[in-house]
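All remarks here apply to the structure that follows.
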Amino acid sequence: MKNTALTTTHESLGAKMVPFAGYNMPVSYEGVNAEHETVRKSVGVFDVSHMGEFLISGPTALDLIQKVSSNDATKLTIGRAQYSCLPNETGGIVDDLIIYKIKEEQYLLVVNASNIEKDWNHISSYNDEFKADMKNISEGYSLLAIQGPKAVEAMQSLTSVNLADIKFYHFEVADFAGIDNVIISATGYTGSGGFEIYCKNDEVKQIWDKVFEAGTDFGIKPIGLAARDTLRLEMGYCLYGNDIDDNTSPLEAGLGWVTKFNKDFVNSAALEKEKQHGPKRKLVAFELDERGIPRHGYDIVDNNGKTIGVVTSGTMSPSMGTGIGLGYVPPIFSDVGSKISIQIRKNAVPASVVKLPFYKK
């Protein structure tokens, strides 16, 4: 089991630690609902240093990225980030990721912790043609997500850049909490605003301490992975391994917006054909009409009790107090307002297909 540079800090704060993607990670501190509310109303900090980072550099770096990713990375300028996915050769998704353009001919790819080795091998297999310089820097870097509506105000004293000026999916490489050359990225997985901070492992404890010092008057708190999951689900953000995987296509998963057919990429011809004919199933968001909690793996059934799909993510929404979830169903059941049911033990609990996000500010 690997530790992050902050593992002992989490333990000293009384965090409940669990194994996650090969790392010893804090799942909660004071409880999911309280932590969830902190991020929605003020500011909370996640240690997500288990995530993977690859540096791809050189004259052919962009060509390699264009080949392996579904989005159009030519749209990136220095200081911008882009959500994308890595399609596989059989119609599914190797991983979803964020691509940062650090400078000309240099990109940072941030991938899911559980997929670091798989992603590295996949991208490397296509680099035989391009011979870009690839470095896996995952082990040396830490990542903090400072999330919530008060994040800008709470953190402004720690940097010389105007945080309010960093637009969504843009970033600055600047001073932060007394450390130079930190990536301050206006990204996150919560839908409540804030930043993600990339730094070296030997810098993260100083940053963590100064972040909590600066946030004291704003009610800042450490947040665990359990609340990260409820926050992302309220926004309808996909979780790799649940909502998307090697057997789900980007088009089925509603990721057509990051699948651009103005270029040739891995399996693009087959995906373009799928787009023309329409996917055979679609990922939908649903809300229970009655009391209940949908869970990953529960059957989705029609009015006759016939199984038509499966819940990929589900929870009791801390913000709204209703059962919400995502799941795959045939296109005929995918329109907003469609009536389905979730099989919760012996009961088929009625639900309605809704438009994302579940949580509206």
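Labels for the structure tokens follow display order: chains A, B, ..., residues from 1 in each chain, ligands from 1.
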
- Task: Fewer than 5 positions away in the same chain doesn't count, so skip those; otherwise give me all residues within 9 Å of Trp208 in chain A, counting only C-alpha atoms, as a PyMOL selection string.
- Result: chain A and resi 6+45+144+177+203+213

Could you save those same residues with N, CA, C and O atoms as an mmCIF file, in the first residue's frame?
```
data_model
loop_
_atom_site.group_PDB
_atom_site.id
_atom_site.type_symbol
_atom_site.label_atom_id
_atom_site.label_comp_id
_atom_site.auth_asym_id
_atom_site.auth_seq_id
_atom_site.Cartn_x
_atom_site.Cartn_y
_atom_site.Cartn_z
ATOM 1 N N LEU A 6 1.165 13.170 2.625
ATOM 2 C CA LEU A 6 0.356 13.725 3.720
ATOM 3 C C LEU A 6 -0.343 12.650 4.558
ATOM 4 O O LEU A 6 -1.187 12.987 5.397
ATOM 5 N N VAL A 45 -10.612 20.956 1.535
ATOM 6 C CA VAL A 45 -9.375 20.545 0.869
ATOM 7 C C VAL A 45 -9.279 19.025 0.797
ATOM 8 O O VAL A 45 -9.397 18.336 1.812
ATOM 9 N N LEU A 144 -3.439 18.821 -4.462
ATOM 10 C CA LEU A 144 -4.476 19.229 -3.517
ATOM 11 C C LEU A 144 -5.618 19.876 -4.285
ATOM 12 O O LEU A 144 -5.387 20.701 -5.173
ATOM 13 N N ALA A 177 1.700 29.837 -1.499
ATOM 14 C CA ALA A 177 2.053 29.429 -0.127
ATOM 15 C C ALA A 177 3.567 29.372 0.095
ATOM 16 O O ALA A 177 4.082 28.483 0.773
ATOM 17 N N GLU A 203 7.079 19.674 -1.035
ATOM 18 C CA GLU A 203 6.507 21.014 -0.864
ATOM 19 C C GLU A 203 5.087 20.992 -0.301
ATOM 20 O O GLU A 203 4.582 21.995 0.191
ATOM 21 N N GLU A 213 -4.137 27.600 7.377
ATOM 22 C CA GLU A 213 -3.949 28.857 8.114
ATOM 23 C C GLU A 213 -4.731 29.986 7.441
ATOM 24 O O GLU A 213 -5.476 30.722 8.081
#
```

- Message: At a cut-off of 9 Å, using only C-alpha atoms, what residues contact Gly178 in chain A? Leave out same-chain residues fewer than 3 positions from it and give the result as a VMD selection string.
- Response: chain A and resid 158 to 159 175 206 to 207 210

- Task: List every residue of range 109-280 of chain A that DSSP, applied to the backbone of this structure, places in alpha helix (DSSP H), and write the result as a PyMOL selection string.
- Result: chain A and resi 116-130+151-155+201-214+225-235+268-277

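Among the candidates A:Ala34, A:Gly91, A:Tyr169, A:Ala214, the residue lying nearest to Lys273 in chain A is A:Gly91 (atoms considered: only C-alpha atoms).
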
- Message: Can you pull out every residue from range 188-291 of chain A that DSSP, working from the backbone, puts in strand (DSSP E), and format the result as a list of chain:residue names?
- Response: A:Gly194, A:Phe195, A:Glu196, A:Ile197, A:Tyr198, A:Cys199, A:Lys200, A:Lys221, A:Pro222, A:Lys282, A:Leu283, A:Val284, A:Ala285, A:Phe286, A:Glu287, A:Leu288

- Task: Could you jot down the CA of Ser28 in chain A to CA of Leu239 in chain A separation for me, Å, one decimal place?
- Result: 18.5 Å

List every residue of range 166-254 of chain A that has an atom at most 12 Å from any atom of range 103-121 of chain A, and for each one report the closest atom pair and its distance in Å to one decimal, counting only C-alpha atoms, with rows sorted by chain and then by increasing residue number, as JSON lines.
```
{"residue": "A:Phe171", "atom": "CA", "partner": "A:Lys103", "partner_atom": "CA", "distance": 11.8}
{"residue": "A:Glu172", "atom": "CA", "partner": "A:Lys103", "partner_atom": "CA", "distance": 11.3}
{"residue": "A:Val173", "atom": "CA", "partner": "A:Lys103", "partner_atom": "CA", "distance": 10.4}
{"residue": "A:Ile183", "atom": "CA", "partner": "A:Leu108", "partner_atom": "CA", "distance": 10.7}
{"residue": "A:Thr187", "atom": "CA", "partner": "A:Val110", "partner_atom": "CA", "distance": 11.8}
{"residue": "A:Glu196", "atom": "CA", "partner": "A:Val110", "partner_atom": "CA", "distance": 11.6}
{"residue": "A:Tyr198", "atom": "CA", "partner": "A:Val110", "partner_atom": "CA", "distance": 10.4}
{"residue": "A:Cys238", "atom": "CA", "partner": "A:Asn112", "partner_atom": "CA", "distance": 11.9}
{"residue": "A:Leu239", "atom": "CA", "partner": "A:Asn112", "partner_atom": "CA", "distance": 9.4}
{"residue": "A:Tyr240", "atom": "CA", "partner": "A:Asn112", "partner_atom": "CA", "distance": 7.7}
{"residue": "A:Gly241", "atom": "CA", "partner": "A:Ser114", "partner_atom": "CA", "distance": 9.0}
{"residue": "A:Asp245", "atom": "CA", "partner": "A:Asn115", "partner_atom": "CA", "distance": 10.6}
{"residue": "A:Asp246", "atom": "CA", "partner": "A:Lys118", "partner_atom": "CA", "distance": 11.1}
```

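Omitting Leu288 in chain A and its sequence neighbours fewer than 3 positions away, and counting only C-alpha atoms, the residues within 9 Å are Arg291, Gly292, Ile293, Pro294, Thr322, Gly323, Ile324, Gly325, Ser341, Ile342, Val349, Pro350, Ala351, Ser352 and Val353 of chain A.
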
Next, dump the selected residues to file, keeping only N, CA and C atoms, as a short mmCIF file (atom, residue, chain, number, x, y, z; two decimals), in the first residue's frame.
```
data_model
loop_
_atom_site.label_atom_id
_atom_site.label_comp_id
_atom_site.auth_asym_id
_atom_site.auth_seq_id
_atom_site.Cartn_x
_atom_site.Cartn_y
_atom_site.Cartn_z
N ARG A 291 -38.92 7.31 -1.65
CA ARG A 291 -37.78 7.13 -0.75
C ARG A 291 -36.96 5.91 -1.16
N GLY A 292 -35.65 6.03 -1.08
CA GLY A 292 -34.77 4.91 -1.39
C GLY A 292 -33.39 5.40 -1.76
N ILE A 293 -32.43 4.49 -1.74
CA ILE A 293 -31.06 4.85 -2.12
C ILE A 293 -30.59 3.89 -3.22
N PRO A 294 -30.41 4.40 -4.44
CA PRO A 294 -29.89 3.55 -5.52
C PRO A 294 -28.39 3.32 -5.32
N THR A 322 -32.60 13.46 -1.78
CA THR A 322 -33.30 12.46 -2.60
C THR A 322 -32.29 11.47 -3.17
N GLY A 323 -32.78 10.29 -3.55
CA GLY A 323 -31.93 9.29 -4.18
C GLY A 323 -31.64 9.68 -5.62
N ILE A 324 -30.36 9.71 -6.00
CA ILE A 324 -29.97 10.08 -7.37
C ILE A 324 -29.00 9.04 -7.90
N GLY A 325 -28.90 8.98 -9.23
CA GLY A 325 -27.95 8.03 -9.79
C GLY A 325 -27.75 8.20 -11.28
N SER A 341 -37.70 2.41 -13.24
CA SER A 341 -37.70 2.02 -11.83
C SER A 341 -36.35 1.41 -11.48
N ILE A 342 -35.96 1.56 -10.23
CA ILE A 342 -34.71 0.98 -9.73
C ILE A 342 -35.07 -0.16 -8.79
N VAL A 349 -38.49 0.73 -7.25
CA VAL A 349 -38.78 2.11 -6.83
C VAL A 349 -38.83 3.01 -8.06
N PRO A 350 -39.97 3.71 -8.27
CA PRO A 350 -40.10 4.56 -9.46
C PRO A 350 -39.09 5.70 -9.47
N ALA A 351 -38.63 6.03 -10.68
CA ALA A 351 -37.65 7.10 -10.85
C ALA A 351 -37.92 7.82 -12.16
N SER A 352 -37.40 9.04 -12.25
CA SER A 352 -37.55 9.84 -13.47
C SER A 352 -36.18 10.21 -14.02
N VAL A 353 -36.05 10.13 -15.34
CA VAL A 353 -34.82 10.59 -16.00
C VAL A 353 -34.81 12.12 -15.96
#
```

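Considering the residues A:Thr315, A:Thr259, A:Thr4, A:Ser70 and counting only C-alpha atoms, Ala226 in chain A has its shortest atom-to-atom contact with A:Thr315.
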
Contacts of Gly22 in chain A at 8 Å (only C-alpha atoms; same-chain gap of 3+ positions) as an mmCIF file with N, CA and C atoms, in the first residue's frame:
```cif
data_model
loop_
_atom_site.group_PDB
_atom_site.id
_atom_site.type_symbol
_atom_site.label_atom_id
_atom_site.label_comp_id
_atom_site.auth_asym_id
_atom_site.auth_seq_id
_atom_site.Cartn_x
_atom_site.Cartn_y
_atom_site.Cartn_z
ATOM 1 N N MET A 1 0.836 -1.198 0.000
ATOM 2 C CA MET A 1 0.000 0.000 0.000
ATOM 3 C C MET A 1 0.875 1.254 0.000
ATOM 4 N N LYS A 2 0.667 2.133 -0.966
ATOM 5 C CA LYS A 2 1.449 3.373 -1.008
ATOM 6 C C LYS A 2 0.808 4.434 -0.121
ATOM 7 N N PRO A 19 -7.924 1.617 1.823
ATOM 8 C CA PRO A 19 -7.148 1.382 0.602
ATOM 9 C C PRO A 19 -7.946 1.870 -0.609
ATOM 10 N N SER A 114 -5.968 4.559 -10.455
ATOM 11 C CA SER A 114 -6.050 3.111 -10.691
ATOM 12 C C SER A 114 -5.594 2.725 -12.098
#
```

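Between CA of Gly193 in chain A and CA of Glu153 in chain A the interatomic distance comes to 11.6 Å.
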
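Taking CA of Gly194 in chain A and CA of Ile179 in chain A as endpoints, the distance between them is 19.0 Å.
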
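Of the residues under consideration (A:Ala81, A:Ile340, A:Ile184, A:Ala21), A:Ile340 shows the shortest atom-to-atom contact distance to Asn303 in chain A when counting only C-alpha atoms.
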
- From the set A:Phe286, A:Tyr100, A:Tyr189, A:Tyr23, which residue has the shortest atom-to-atom contact distance to Thr230 in chain A, counting only C-alpha atoms? A:Tyr189

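The protein and nucleic acid residues lying at most 12 Å from range 354-356 of chain A are A:Gly191, A:Arg232, A:Leu233, A:Glu234, A:Met235, A:Gly236, A:Tyr237, A:Cys238, A:Gly254, A:Leu283, A:Val284, A:Ala285, A:Phe286, A:Glu287, A:Leu288, A:Asp289, A:Ile324, A:Gly325, A:Leu326, A:Gly327, A:Phe333, A:Ser334, A:Asp335, A:Val336, A:Gly337, A:Ser338, A:Lys339, A:Ile340, with only C-alpha atoms considered and sequence neighbours fewer than 5 positions away removed.
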
Same residues, N, CA, C and O atoms, output as a CSV table (one decimal), in the first residue's frame:
```csv
chain,number,residue,atom,x,y,z
A,191,GLY,N,-18.0,20.8,-8.7
A,191,GLY,CA,-19.0,21.7,-9.2
A,191,GLY,C,-19.3,22.9,-8.3
A,191,GLY,O,-20.3,23.6,-8.5
A,232,ARG,N,-19.2,14.9,-6.8
A,232,ARG,CA,-19.1,14.7,-8.3
A,232,ARG,C,-20.4,14.1,-8.8
A,232,ARG,O,-20.8,14.4,-10.0
A,233,LEU,N,-21.1,13.2,-8.1
A,233,LEU,CA,-22.3,12.6,-8.6
A,233,LEU,C,-23.4,13.6,-8.7
A,233,LEU,O,-24.2,13.5,-9.6
A,234,GLU,N,-23.5,14.5,-7.7
A,234,GLU,CA,-24.5,15.6,-7.8
A,234,GLU,C,-24.3,16.4,-9.1
A,234,GLU,O,-25.3,17.0,-9.6
A,235,MET,N,-23.1,16.5,-9.6
A,235,MET,CA,-22.9,17.2,-10.9
A,235,MET,C,-23.0,16.3,-12.1
A,235,MET,O,-23.0,16.8,-13.2
A,236,GLY,N,-23.1,15.0,-11.9
A,236,GLY,CA,-23.2,14.0,-13.0
A,236,GLY,C,-21.8,13.8,-13.7
A,236,GLY,O,-21.8,13.3,-14.8
A,237,TYR,N,-20.7,14.0,-13.0
A,237,TYR,CA,-19.4,13.8,-13.5
A,237,TYR,C,-19.1,12.2,-13.5
A,237,TYR,O,-19.4,11.6,-12.5
A,238,CYS,N,-18.6,11.7,-14.6
A,238,CYS,CA,-18.4,10.3,-14.7
A,238,CYS,C,-17.2,9.9,-13.8
A,238,CYS,O,-16.2,10.6,-13.6
A,254,GLY,N,-22.2,9.9,-23.0
A,254,GLY,CA,-22.5,11.3,-23.1
A,254,GLY,C,-21.3,12.2,-23.2
A,254,GLY,O,-21.3,13.4,-22.9
A,283,LEU,N,-26.1,6.6,-21.2
A,283,LEU,CA,-25.9,6.9,-19.8
A,283,LEU,C,-26.9,8.0,-19.4
A,283,LEU,O,-26.9,9.1,-20.0
A,284,VAL,N,-27.8,7.8,-18.5
A,284,VAL,CA,-28.8,8.8,-18.1
A,284,VAL,C,-28.7,9.1,-16.6
A,284,VAL,O,-28.1,8.3,-15.8
A,285,ALA,N,-29.2,10.2,-16.2
A,285,ALA,CA,-29.3,10.6,-14.8
A,285,ALA,C,-30.7,10.4,-14.4
A,285,ALA,O,-31.6,10.7,-15.1
A,286,PHE,N,-30.9,9.9,-13.2
A,286,PHE,CA,-32.3,9.7,-12.7
A,286,PHE,C,-32.4,10.1,-11.2
A,286,PHE,O,-31.4,10.1,-10.5
A,287,GLU,N,-33.6,10.5,-10.9
A,287,GLU,CA,-33.9,10.8,-9.5
A,287,GLU,C,-35.1,9.9,-9.0
A,287,GLU,O,-36.0,9.7,-9.8
A,288,LEU,N,-35.0,9.4,-7.9
A,288,LEU,CA,-36.0,8.5,-7.4
A,288,LEU,C,-37.3,9.4,-7.0
A,288,LEU,O,-37.1,10.5,-6.5
A,289,ASP,N,-38.4,8.9,-7.4
A,289,ASP,CA,-39.7,9.6,-7.1
A,289,ASP,C,-40.2,9.2,-5.7
A,289,ASP,O,-41.1,9.9,-5.2
A,324,ILE,N,-30.4,9.7,-6.0
A,324,ILE,CA,-30.0,10.1,-7.4
A,324,ILE,C,-29.0,9.0,-7.9
A,324,ILE,O,-28.4,8.3,-7.1
A,325,GLY,N,-28.9,9.0,-9.2
A,325,GLY,CA,-28.0,8.0,-9.8
A,325,GLY,C,-27.7,8.2,-11.3
A,325,GLY,O,-28.4,9.0,-11.9
A,326,LEU,N,-26.8,7.4,-11.8
A,326,LEU,CA,-26.5,7.3,-13.2
A,326,LEU,C,-26.6,5.9,-13.6
A,326,LEU,O,-26.4,5.0,-12.8
A,327,GLY,N,-27.0,5.6,-14.9
A,327,GLY,CA,-27.1,4.3,-15.3
A,327,GLY,C,-27.3,4.2,-16.8
A,327,GLY,O,-27.7,5.2,-17.4
A,333,PHE,N,-35.5,5.0,-23.5
A,333,PHE,CA,-35.8,5.4,-22.1
A,333,PHE,C,-34.9,6.6,-21.7
A,333,PHE,O,-34.9,6.9,-20.5
A,334,SER,N,-34.2,7.2,-22.6
A,334,SER,CA,-33.2,8.2,-22.3
A,334,SER,C,-33.7,9.6,-22.2
A,334,SER,O,-32.9,10.5,-21.8
A,335,ASP,N,-34.9,9.9,-22.7
A,335,ASP,CA,-35.3,11.3,-22.8
A,335,ASP,C,-35.6,11.8,-21.4
A,335,ASP,O,-36.1,11.0,-20.5
A,336,VAL,N,-35.4,13.1,-21.1
A,336,VAL,CA,-35.7,13.7,-19.8
A,336,VAL,C,-37.2,13.5,-19.6
A,336,VAL,O,-38.0,13.8,-20.5
A,337,GLY,N,-37.6,13.1,-18.4
A,337,GLY,CA,-39.0,12.8,-18.1
A,337,GLY,C,-39.4,11.4,-18.2
A,337,GLY,O,-40.5,11.0,-17.7
A,338,SER,N,-38.5,10.6,-18.9
A,338,SER,CA,-38.9,9.1,-19.0
A,338,SER,C,-39.0,8.5,-17.6
A,338,SER,O,-38.3,8.8,-16.7
A,339,LYS,N,-39.9,7.6,-17.5
A,339,LYS,CA,-40.2,6.9,-16.3
A,339,LYS,C,-39.5,5.5,-16.3
A,339,LYS,O,-39.7,4.7,-17.2
A,340,ILE,N,-38.7,5.3,-15.3
A,340,ILE,CA,-38.0,4.0,-15.1
A,340,ILE,C,-38.2,3.6,-13.6
A,340,ILE,O,-38.8,4.3,-12.8
```

- Tell me, as a PyMOL selection string, which residues lie within 8 Å of Gly215 in chain A, counting only C-alpha atoms; anything in the same chain fewer than 5 positions away does not count. chain A and resi 43+154-155+220
